[in-house]
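Structure first, commentary second.
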Amino acid sequence: MVYLINIKLREDYSNLIFYLSPLVAVFLTLFFGSFIFLILDLSPIESFKIFFISPISNSYGISELFVKATPLAIIALGLSYCFKNNIYNIGAEGQLTMGAIFGGGIGLLFNDSTSIFLLPLMILFGAIGGAFWATIPALLKTKFNTNEILTSLMLTYVALFILDYFVVGPWKDPAGYGLPKSMPFPDAGRLPVLFDGLRIHIGVYFAIMICLISYIVYNKTLFGFKLRVSGFSSKASQYAGFKYKNLIFYTFIISGACAGLAGLFEVSGPIGLLYRDISPNYGFTAIIVAFLGRLNPLGIILSSLLIALTYLGAEDAQLFLKIPSAVGFVFQGLVLFFLLGTDFLNKYKVSIS
Amino acid sequence: MNIDIVIGILNIVLISTTPLVFAGIGELVTEKSGVLNLGLEGLMLVGAVTGFITLVLTGNYFYSLFFSIISGVILSGIFAFLVLNLMTNQIATGLALTIFGIGLSAMLGKKFSGTPIEGLNPYYFIVISFLLVFMVSYFLSKTKSGLIVRAVGEDHNSAYALGYNVIKTRYMTIIFGGVMSSLAGFYISICYAPMWQEGMTAGRGWIALALVVFATWKPWRLLVGAYIFGGVAIMQMNLQAIGVKLPGQFFNMMPYLATIIVLVFISSNKLRLKLSAPASLNMPFEKNQ
């Protein structure tokens, strides 16, 4: 008996499977994750408790969850504009860094300021910094047809070295015992926290606002419609008379500004100064968040919370299970593998005959 | 300048550049067949840690090399299955591979971090890296199989119509790339360092990726480019030592800036782009259309 696996393009495109498959991916990740814990001689149930439940079992933990989810959500929401348009900006990490340099630079420039305008100015420059860094690949793409994937990735490393230059060079804190960090921002340049004693900050409001605006843009505006059309087919959008080059520019600037904003929120919020490692890979992880959230604004908020949990769980796992916090990356990688894999069932019908 | 110093510097450049050559030449072949694998960094790290653990446990260099290579075959095989059979997005899958590899290697290597080992002589591998570049160059330009790889990378639909097995060809090139990356990782943890430390490849996977573009997908240029990139990194340390007042970060960003400039140069002219980049790079191949 010979079995043949038939693969056919789906004609009955299913919305249910489309939104259900992220859940399937998460379930599969947990399933495989339990094997990893078994290999490490740890009880999977206990480990999952430490990884996914105990980090958010008190108010401090929940606040930390939002602290981590805020930058992820903001960056991923911005990236969704690019990805919907089939433009692959994978340099959000660099745009985040540039936002932190621009916005943080303002904070350091006016380091004795007590003005209420300092923080808004920093936020503005953070967004400008990120947008500026994203304009470079956009410009190269539209002017010279240069592959934006490679340029935005390369620029990430350039941005990281620029930050490194500033914190060991001109912006080094003279009273910092020679450590590669800047002096702290003035109080007027710090992001207000929502509750005393917790680190959750007003960046959360920005994330929610960007989510709502994106929802409206995607569903109710011509711009959102153009994005979807050119995402399906850039040729169709050109025939329709949409200016494809402008779309590339706008989407890059939006995603860069969002990443820059997230970078500024990180340094003026939880961190409070500039130093080398301002971001634990948020710019790259946000790509997973955007895909896991199906490029849907609400979905991105949910997936940012889930991925933020892998960061927190990994920190607890390091503390209590004595395994390196990088284990969080294993889960992030796995969830993206499975999500991409289950997408296959969205597009194709598999039958065995 | 003293001749000993020159020889000393050349020696360091040779030793430190070899992993770039390995990872770069593997990725070059993968990209020639039309697949962009962004997972190099993850593959290198897992290759480094598997080689290291095997050496600590068995004390046998051959097993160590063998299992390091096997790790590359398995991980790049998973990548190949996802992008070729399940037709997933190559960028996202490659990033997932890198993130997964960073995590997995850190987890596996935790117990072995700081264990002392006796390193292997790097010079064998330096010779092998030169031979590999020669072999890949010969394979791609002079053999029939090499021509098929290039054909698949230029236009997979035409290659398929001519009766070539696009999927199988790409499986081969992806796994070759994976093996080369894990070899680069093995070299770093067993010959170059020799030790294991979390994230010890320090971004070399990304530089190797830049290198392929910088070399405009040509093996010999890749070798030259690798030594330029490697040389700049070493030069920076030496200039710092003799008191040149140029920030080191400036040198460190040179490979990335140079790559962007080369990219702009080749892509600004449509003909030049056609002559350099594989036309089907990063395009999914769907048989049932």
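Chain identifiers are assigned as A, B, and so on, following the order in which chains appear in the structure tokens; residues are numbered from 1 within each chain, and ligands are numbered from 1 in order of appearance.
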
| said: as an NGL selection string, please: the residues near stretch 287-294 of chain A (cut-off 9 Å, only C-alpha atoms, same-chain neighbours under 6 positions excluded). | reply: (:A and (18-19 or 22 or 25 or 72-73 or 75-80 or 83 or 90 or 92 or 300-304 or 306-307 or 332-333 or 335-336 or 339-340)) or (:B and (92 or 95-96))

Would you export the selected residues with N, CA and C atoms as a PDB file, in the first residue's frame, please?
ATOM      1  N   PHE A  18      -6.193  30.823  11.250  1.00  0.00           N
ATOM      2  CA  PHE A  18      -5.224  31.918  11.231  1.00  0.00           C
ATOM      3  C   PHE A  18      -4.966  32.435  12.644  1.00  0.00           C
ATOM      4  N   TYR A  19      -6.037  32.633  13.413  1.00  0.00           N
ATOM      5  CA  TYR A  19      -5.836  33.167  14.756  1.00  0.00           C
ATOM      6  C   TYR A  19      -5.625  32.080  15.795  1.00  0.00           C
ATOM      7  N   PRO A  22      -1.384  30.574  16.463  1.00  0.00           N
ATOM      8  CA  PRO A  22      -0.430  31.003  17.500  1.00  0.00           C
ATOM      9  C   PRO A  22      -0.603  30.217  18.799  1.00  0.00           C
ATOM     10  N   ALA A  25       0.998  26.945  18.397  1.00  0.00           N
ATOM     11  CA  ALA A  25       2.453  27.103  18.471  1.00  0.00           C
ATOM     12  C   ALA A  25       2.899  27.197  19.926  1.00  0.00           C
ATOM     13  N   LEU A  72       8.475  45.886  23.840  1.00  0.00           N
ATOM     14  CA  LEU A  72       8.208  44.859  22.819  1.00  0.00           C
ATOM     15  C   LEU A  72       6.970  45.228  22.008  1.00  0.00           C
ATOM     16  N   ALA A  73       5.903  45.643  22.703  1.00  0.00           N
ATOM     17  CA  ALA A  73       4.655  45.961  22.008  1.00  0.00           C
ATOM     18  C   ALA A  73       4.842  47.168  21.106  1.00  0.00           C
ATOM     19  N   ILE A  75       7.580  48.423  19.724  1.00  0.00           N
ATOM     20  CA  ILE A  75       8.405  48.131  18.544  1.00  0.00           C
ATOM     21  C   ILE A  75       7.628  47.260  17.562  1.00  0.00           C
ATOM     22  N   ALA A  76       6.969  46.212  18.097  1.00  0.00           N
ATOM     23  CA  ALA A  76       6.271  45.271  17.210  1.00  0.00           C
ATOM     24  C   ALA A  76       5.120  45.952  16.479  1.00  0.00           C
ATOM     25  N   LEU A  77       4.436  46.871  17.157  1.00  0.00           N
ATOM     26  CA  LEU A  77       3.360  47.603  16.487  1.00  0.00           C
ATOM     27  C   LEU A  77       3.925  48.400  15.318  1.00  0.00           C
ATOM     28  N   GLY A  78       5.074  49.038  15.546  1.00  0.00           N
ATOM     29  CA  GLY A  78       5.708  49.778  14.465  1.00  0.00           C
ATOM     30  C   GLY A  78       6.122  48.852  13.329  1.00  0.00           C
ATOM     31  N   LEU A  79       6.712  47.716  13.699  1.00  0.00           N
ATOM     32  CA  LEU A  79       7.180  46.784  12.673  1.00  0.00           C
ATOM     33  C   LEU A  79       6.022  46.244  11.841  1.00  0.00           C
ATOM     34  N   SER A  80       4.845  46.131  12.463  1.00  0.00           N
ATOM     35  CA  SER A  80       3.718  45.555  11.733  1.00  0.00           C
ATOM     36  C   SER A  80       3.416  46.373  10.470  1.00  0.00           C
ATOM     37  N   PHE A  83       5.953  45.081   7.945  1.00  0.00           N
ATOM     38  CA  PHE A  83       5.733  43.683   7.558  1.00  0.00           C
ATOM     39  C   PHE A  83       4.457  43.539   6.741  1.00  0.00           C
ATOM     40  N   ILE A  90      14.547  44.667   9.713  1.00  0.00           N
ATOM     41  CA  ILE A  90      14.923  43.852  10.866  1.00  0.00           C
ATOM     42  C   ILE A  90      15.967  44.583  11.707  1.00  0.00           C
ATOM     43  N   ALA A  92      15.316  46.980  13.948  1.00  0.00           N
ATOM     44  CA  ALA A  92      14.670  47.738  15.025  1.00  0.00           C
ATOM     45  C   ALA A  92      15.598  47.926  16.215  1.00  0.00           C
ATOM     46  N   ILE A 300      -0.798  41.771  18.846  1.00  0.00           N
ATOM     47  CA  ILE A 300       0.565  42.130  19.231  1.00  0.00           C
ATOM     48  C   ILE A 300       0.641  42.441  20.725  1.00  0.00           C
ATOM     49  N   ILE A 301      -0.407  43.122  21.245  1.00  0.00           N
ATOM     50  CA  ILE A 301      -0.413  43.402  22.687  1.00  0.00           C
ATOM     51  C   ILE A 301      -0.387  42.086  23.464  1.00  0.00           C
ATOM     52  N   LEU A 302      -1.220  41.130  23.054  1.00  0.00           N
ATOM     53  CA  LEU A 302      -1.258  39.835  23.752  1.00  0.00           C
ATOM     54  C   LEU A 302       0.076  39.111  23.637  1.00  0.00           C
ATOM     55  N   SER A 303       0.630  39.072  22.414  1.00  0.00           N
ATOM     56  CA  SER A 303       1.869  38.311  22.251  1.00  0.00           C
ATOM     57  C   SER A 303       3.026  39.006  22.960  1.00  0.00           C
ATOM     58  N   SER A 304       2.982  40.353  23.074  1.00  0.00           N
ATOM     59  CA  SER A 304       4.069  41.028  23.786  1.00  0.00           C
ATOM     60  C   SER A 304       4.054  40.626  25.259  1.00  0.00           C
ATOM     61  N   LEU A 306       3.014  37.746  26.415  1.00  0.00           N
ATOM     62  CA  LEU A 306       3.489  36.361  26.488  1.00  0.00           C
ATOM     63  C   LEU A 306       5.011  36.297  26.385  1.00  0.00           C
ATOM     64  N   ILE A 307       5.564  37.025  25.407  1.00  0.00           N
ATOM     65  CA  ILE A 307       7.018  36.990  25.227  1.00  0.00           C
ATOM     66  C   ILE A 307       7.724  37.671  26.396  1.00  0.00           C
ATOM     67  N   GLN A 332      11.648  31.465  22.991  1.00  0.00           N
ATOM     68  CA  GLN A 332      11.284  32.426  21.938  1.00  0.00           C
ATOM     69  C   GLN A 332      11.555  31.845  20.553  1.00  0.00           C
ATOM     70  N   GLY A 333      12.718  31.192  20.425  1.00  0.00           N
ATOM     71  CA  GLY A 333      13.052  30.580  19.139  1.00  0.00           C
ATOM     72  C   GLY A 333      12.059  29.490  18.773  1.00  0.00           C
ATOM     73  N   VAL A 335       8.960  29.032  19.798  1.00  0.00           N
ATOM     74  CA  VAL A 335       7.602  29.495  19.508  1.00  0.00           C
ATOM     75  C   VAL A 335       7.534  30.046  18.089  1.00  0.00           C
ATOM     76  N   LEU A 336       8.610  30.699  17.657  1.00  0.00           N
ATOM     77  CA  LEU A 336       8.610  31.226  16.289  1.00  0.00           C
ATOM     78  C   LEU A 336       8.713  30.095  15.265  1.00  0.00           C
ATOM     79  N   LEU A 339       5.283  28.525  15.130  1.00  0.00           N
ATOM     80  CA  LEU A 339       4.305  29.407  14.517  1.00  0.00           C
ATOM     81  C   LEU A 339       4.453  29.403  13.004  1.00  0.00           C
ATOM     82  N   LEU A 340       5.718  29.533  12.553  1.00  0.00           N
ATOM     83  CA  LEU A 340       5.959  29.543  11.111  1.00  0.00           C
ATOM     84  C   LEU A 340       5.555  28.204  10.514  1.00  0.00           C
TER      85      LEU A 340
ATOM     86  N   ALA B  92      12.428  35.262   8.969  1.00  0.00           N
ATOM     87  CA  ALA B  92      11.922  34.951  10.302  1.00  0.00           C
ATOM     88  C   ALA B  92      12.488  33.630  10.796  1.00  0.00           C
ATOM     89  N   LEU B  95      16.106  34.080  11.860  1.00  0.00           N
ATOM     90  CA  LEU B  95      16.207  34.770  13.143  1.00  0.00           C
ATOM     91  C   LEU B  95      15.841  33.834  14.279  1.00  0.00           C
ATOM     92  N   ALA B  96      14.782  33.010  14.048  1.00  0.00           N
ATOM     93  CA  ALA B  96      14.385  32.056  15.081  1.00  0.00           C
ATOM     94  C   ALA B  96      15.539  31.110  15.380  1.00  0.00           C
TER      95      ALA B  96
END

For chain B versus chain A, which residues have an atom no more than 8 Å away, and what is each residue's nearest atom pair and distance in Å rounded to one decimal, using only C-alpha atoms, chain-then-number order, as a tab-separated table?
residue	atom	partner	partner_atom	distance
B:Leu82	CA	A:Gly341	CA	6.4
B:Leu86	CA	A:Phe344	CA	5.6
B:Met87	CA	A:Phe344	CA	7.2
B:Thr88	CA	A:Leu340	CA	5.8
B:Asn89	CA	A:Leu340	CA	7.5
B:Ala92	CA	A:Ile288	CA	7.8
B:Thr93	CA	A:Phe337	CA	6.5
B:Leu95	CA	A:Phe284	CA	7.9
B:Ala96	CA	A:Gly333	CA	4.5
B:Leu97	CA	A:Gly333	CA	6.4
B:Thr98	CA	A:Gly333	CA	7.7
B:Ile99	CA	A:Gly333	CA	5.3
B:Phe100	CA	A:Gly333	CA	4.3
B:Gly101	CA	A:Val330	CA	7.3
B:Ile102	CA	A:Phe329	CA	6.9
B:Gly103	CA	A:Ala326	CA	4.6
B:Leu104	CA	A:Val330	CA	5.8
B:Ala106	CA	A:Ala326	CA	6.1
B:Met107	CA	A:Pro324	CA	5.9
B:Lys110	CA	A:Pro324	CA	6.8
B:Ala210	CA	A:Met154	CA	7.5
B:Pro247	CA	A:Tyr165	CA	7.1
B:Gln249	CA	A:Phe161	CA	5.4
B:Phe250	CA	A:Phe161	CA	7.5
B:Asn252	CA	A:Phe161	CA	7.2
B:Met253	CA	A:Val158	CA	5.3
B:Tyr256	CA	A:Met154	CA	5.3
B:Leu257	CA	A:Met154	CA	7.3
B:Thr259	CA	A:Met154	CA	7.7
B:Ile260	CA	A:Thr151	CA	5.9
B:Leu263	CA	A:Thr146	CA	6.4
B:Val264	CA	A:Thr146	CA	5.7
B:Ser267	CA	A:Thr146	CA	5.4
B:Ser268	CA	A:Phe144	CA	4.4
B:Asn269	CA	A:Phe144	CA	7.8
B:Asn288	CA	A:Lys8	CA	7.3

For the residues in that selection, give me C-alpha atoms as a JSON list (two decimals), in the first residue's frame.
[["chain", "number", "residue", "atom", "x", "y", "z"],
["B", 82, "LEU", "CA", 10.86, 24.78, 7.49],
["B", 86, "LEU", "CA", 6.79, 24.28, 4.83],
["B", 87, "MET", "CA", 7.75, 27.34, 2.78],
["B", 88, "THR", "CA", 8.17, 29.58, 5.80],
["B", 89, "ASN", "CA", 9.60, 33.07, 5.63],
["B", 92, "ALA", "CA", 11.92, 34.95, 10.30],
["B", 93, "THR", "CA", 13.07, 31.33, 10.33],
["B", 95, "LEU", "CA", 16.21, 34.77, 13.14],
["B", 96, "ALA", "CA", 14.39, 32.06, 15.08],
["B", 97, "LEU", "CA", 17.37, 29.77, 14.50],
["B", 98, "THR", "CA", 19.78, 32.40, 15.82],
["B", 99, "ILE", "CA", 17.70, 33.16, 18.90],
["B", 100, "PHE", "CA", 17.15, 29.46, 19.56],
["B", 101, "GLY", "CA", 20.85, 28.71, 19.10],
["B", 102, "ILE", "CA", 21.95, 31.46, 21.50],
["B", 103, "GLY", "CA", 19.60, 30.05, 24.13],
["B", 104, "LEU", "CA", 20.34, 26.38, 23.55],
["B", 106, "ALA", "CA", 24.03, 28.83, 26.80],
["B", 107, "MET", "CA", 21.84, 26.19, 28.42],
["B", 110, "LYS", "CA", 26.38, 26.16, 31.55],
["B", 210, "ALA", "CA", 27.95, 40.82, 5.70],
["B", 247, "PRO", "CA", 38.03, 55.59, 18.67],
["B", 249, "GLN", "CA", 34.38, 51.69, 17.75],
["B", 250, "PHE", "CA", 35.08, 53.46, 14.47],
["B", 252, "ASN", "CA", 34.64, 48.02, 14.63],
["B", 253, "MET", "CA", 31.84, 49.47, 12.52],
["B", 256, "TYR", "CA", 29.27, 46.88, 8.43],
["B", 257, "LEU", "CA", 29.64, 50.28, 6.75],
["B", 259, "THR", "CA", 29.13, 46.16, 3.38],
["B", 260, "ILE", "CA", 26.41, 48.79, 3.06],
["B", 263, "LEU", "CA", 25.50, 46.77, -1.40],
["B", 264, "VAL", "CA", 24.57, 50.22, -2.63],
["B", 267, "SER", "CA", 22.34, 47.37, -6.44],
["B", 268, "SER", "CA", 22.37, 50.88, -7.91],
["B", 269, "ASN", "CA", 22.91, 49.36, -11.34],
["B", 288, "ASN", "CA", 2.23, 23.39, -6.88]]

Contacts of B:Ile190 at 10 Å or less, counting only C-alpha atoms, minus same-chain residues fewer than 4 places along, as a PDB file with C-alpha atoms, in the first residue's frame?
ATOM      1  CA  ALA B  48      31.035  25.522  19.422  1.00  0.00           C
ATOM      2  CA  VAL B  49      29.297  24.197  22.513  1.00  0.00           C
ATOM      3  CA  GLY B  51      32.311  20.355  20.142  1.00  0.00           C
ATOM      4  CA  PHE B  52      33.453  21.618  23.511  1.00  0.00           C
ATOM      5  CA  LEU B  55      35.796  17.065  24.026  1.00  0.00           C
ATOM      6  CA  TYR B  61      39.148  15.564  19.118  1.00  0.00           C
ATOM      7  CA  SER B  64      34.346  16.480  19.167  1.00  0.00           C
ATOM      8  CA  LEU B  65      34.600  17.578  15.546  1.00  0.00           C
ATOM      9  CA  ILE B 117      40.861  22.043  27.768  1.00  0.00           C
ATOM     10  CA  GLU B 118      43.913  21.554  25.636  1.00  0.00           C
ATOM     11  CA  GLY B 119      43.398  23.445  22.407  1.00  0.00           C
ATOM     12  CA  LEU B 120      43.944  22.058  18.939  1.00  0.00           C
ATOM     13  CA  ASN B 121      46.575  23.517  16.618  1.00  0.00           C
ATOM     14  CA  PRO B 122      44.737  26.106  14.495  1.00  0.00           C
ATOM     15  CA  ALA B 184      33.562  27.799  12.519  1.00  0.00           C
ATOM     16  CA  GLY B 185      32.072  27.396  15.995  1.00  0.00           C
ATOM     17  CA  PHE B 186      34.217  24.306  16.653  1.00  0.00           C
ATOM     18  CA  PRO B 194      40.145  27.341  23.592  1.00  0.00           C
ATOM     19  CA  MET B 195      37.312  27.425  26.112  1.00  0.00           C
ATOM     20  CA  TRP B 196      33.542  27.822  26.296  1.00  0.00           C
TER      21      TRP B 196
END

| message | Let me make sure I understand: among A:Asn296, A:Ser268, A:Thr114, A:Gln238, which one has the smallest atom-to-atom distance to A:Ile213 if we use only C-alpha atoms? | response |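 Closest candidate: A:Asn296.
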
| remark: One decimal place gives the atom CA of B:Asn238-atom CA of A:Asp173 separation as 26.7 Å

| What separation in Å, quoted to one decimal, exists between atom CA of B:Lys218 and atom CA of B:Gly39? |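 The value is 20.6 Å.
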
| atom CA of A:Asn6 to atom CA of A:Ser351, straight-line distance in Å | 5.2 Å

| said: Report as a PyMOL selection string all protein, DNA and RNA residues lying within 12 Å of A:Phe117, evaluated on only C-alpha atoms, omitting residues in the same chain fewer than 3 positions from it. | reply: chain A and resi 106-107+110+113-114+120-124+188-190

| request: Could you tell me, as JSON, numbers by chain, which residues of stretch 16-122 of chain A DSSP assigns to helix (DSSP H, G or I) when given the backbone? | output: {"A": [16, 17, 18, 19, 20, 21, 22, 23, 24, 25, 26, 27, 28, 29, 30, 31, 32, 33, 34, 35, 36, 37, 38, 39, 44, 45, 46, 47, 48, 49, 50, 51, 52, 53, 54, 55, 56, 59, 60, 61, 62, 63, 64, 65, 66, 67, 68, 69, 70, 71, 72, 73, 74, 75, 76, 77, 78, 79, 80, 81, 82, 83, 84, 92, 93, 94, 95, 96, 97, 98, 99, 100, 101, 102, 103, 104, 105, 106, 107, 108, 109, 118, 119, 120, 121, 122]}

| For B:Ala258, which residue out of B:Val213, B:Leu273, B:Leu40, B:Met283 is the nearest one, using only C-alpha atoms? | B:Val213

Give me the residues near B:Ile126 as a PDB file with C-alpha atoms, in the first residue's frame, where near means some atom within 10 Å (using only C-alpha atoms) and where sequence neighbours in that chain fewer than 2 positions away do not count.
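Output below, filename part.pdb:
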ATOM      1  CA  LEU B  14      45.413  34.436  10.201  1.00  0.00           C
ATOM      2  CA  ILE B  15      44.246  32.739  13.380  1.00  0.00           C
ATOM      3  CA  SER B  16      41.386  35.133  14.133  1.00  0.00           C
ATOM      4  CA  THR B  17      39.991  35.384  10.599  1.00  0.00           C
ATOM      5  CA  THR B  18      39.568  31.670   9.864  1.00  0.00           C
ATOM      6  CA  PRO B  19      36.090  31.291  11.456  1.00  0.00           C
ATOM      7  CA  VAL B  21      36.126  32.200   6.185  1.00  0.00           C
ATOM      8  CA  PHE B  22      34.392  28.979   7.254  1.00  0.00           C
ATOM      9  CA  ASN B 121      46.575  23.517  16.618  1.00  0.00           C
ATOM     10  CA  PRO B 122      44.737  26.106  14.495  1.00  0.00           C
ATOM     11  CA  TYR B 123      47.116  25.905  11.548  1.00  0.00           C
ATOM     12  CA  TYR B 124      45.540  22.745  10.121  1.00  0.00           C
ATOM     13  CA  ILE B 128      41.699  23.680   5.309  1.00  0.00           C
ATOM     14  CA  SER B 129      39.912  27.040   5.071  1.00  0.00           C
ATOM     15  CA  PHE B 130      42.055  28.041   2.070  1.00  0.00           C
ATOM     16  CA  LEU B 131      41.466  24.656   0.441  1.00  0.00           C
ATOM     17  CA  LEU B 132      37.742  24.996   1.018  1.00  0.00           C
ATOM     18  CA  TYR B 187      37.306  26.250  15.585  1.00  0.00           C
TER      19      TYR B 187
END

| query | Which residue gives the smallest distance to B:Leu36 among B:Ala226, B:Leu281, B:Ala215, B:Ile148, with only C-alpha atoms counted? | reply |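 Answer, going by the shortest atom-to-atom distance: B:Leu281.
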
| Neighbour list for A:Leu274 as a PyMOL selection string, cut-off 8 Å, only C-alpha atoms, skip fewer than 4 positions in-chain | chain A and resi 100-101+104+167+181-184+267+278
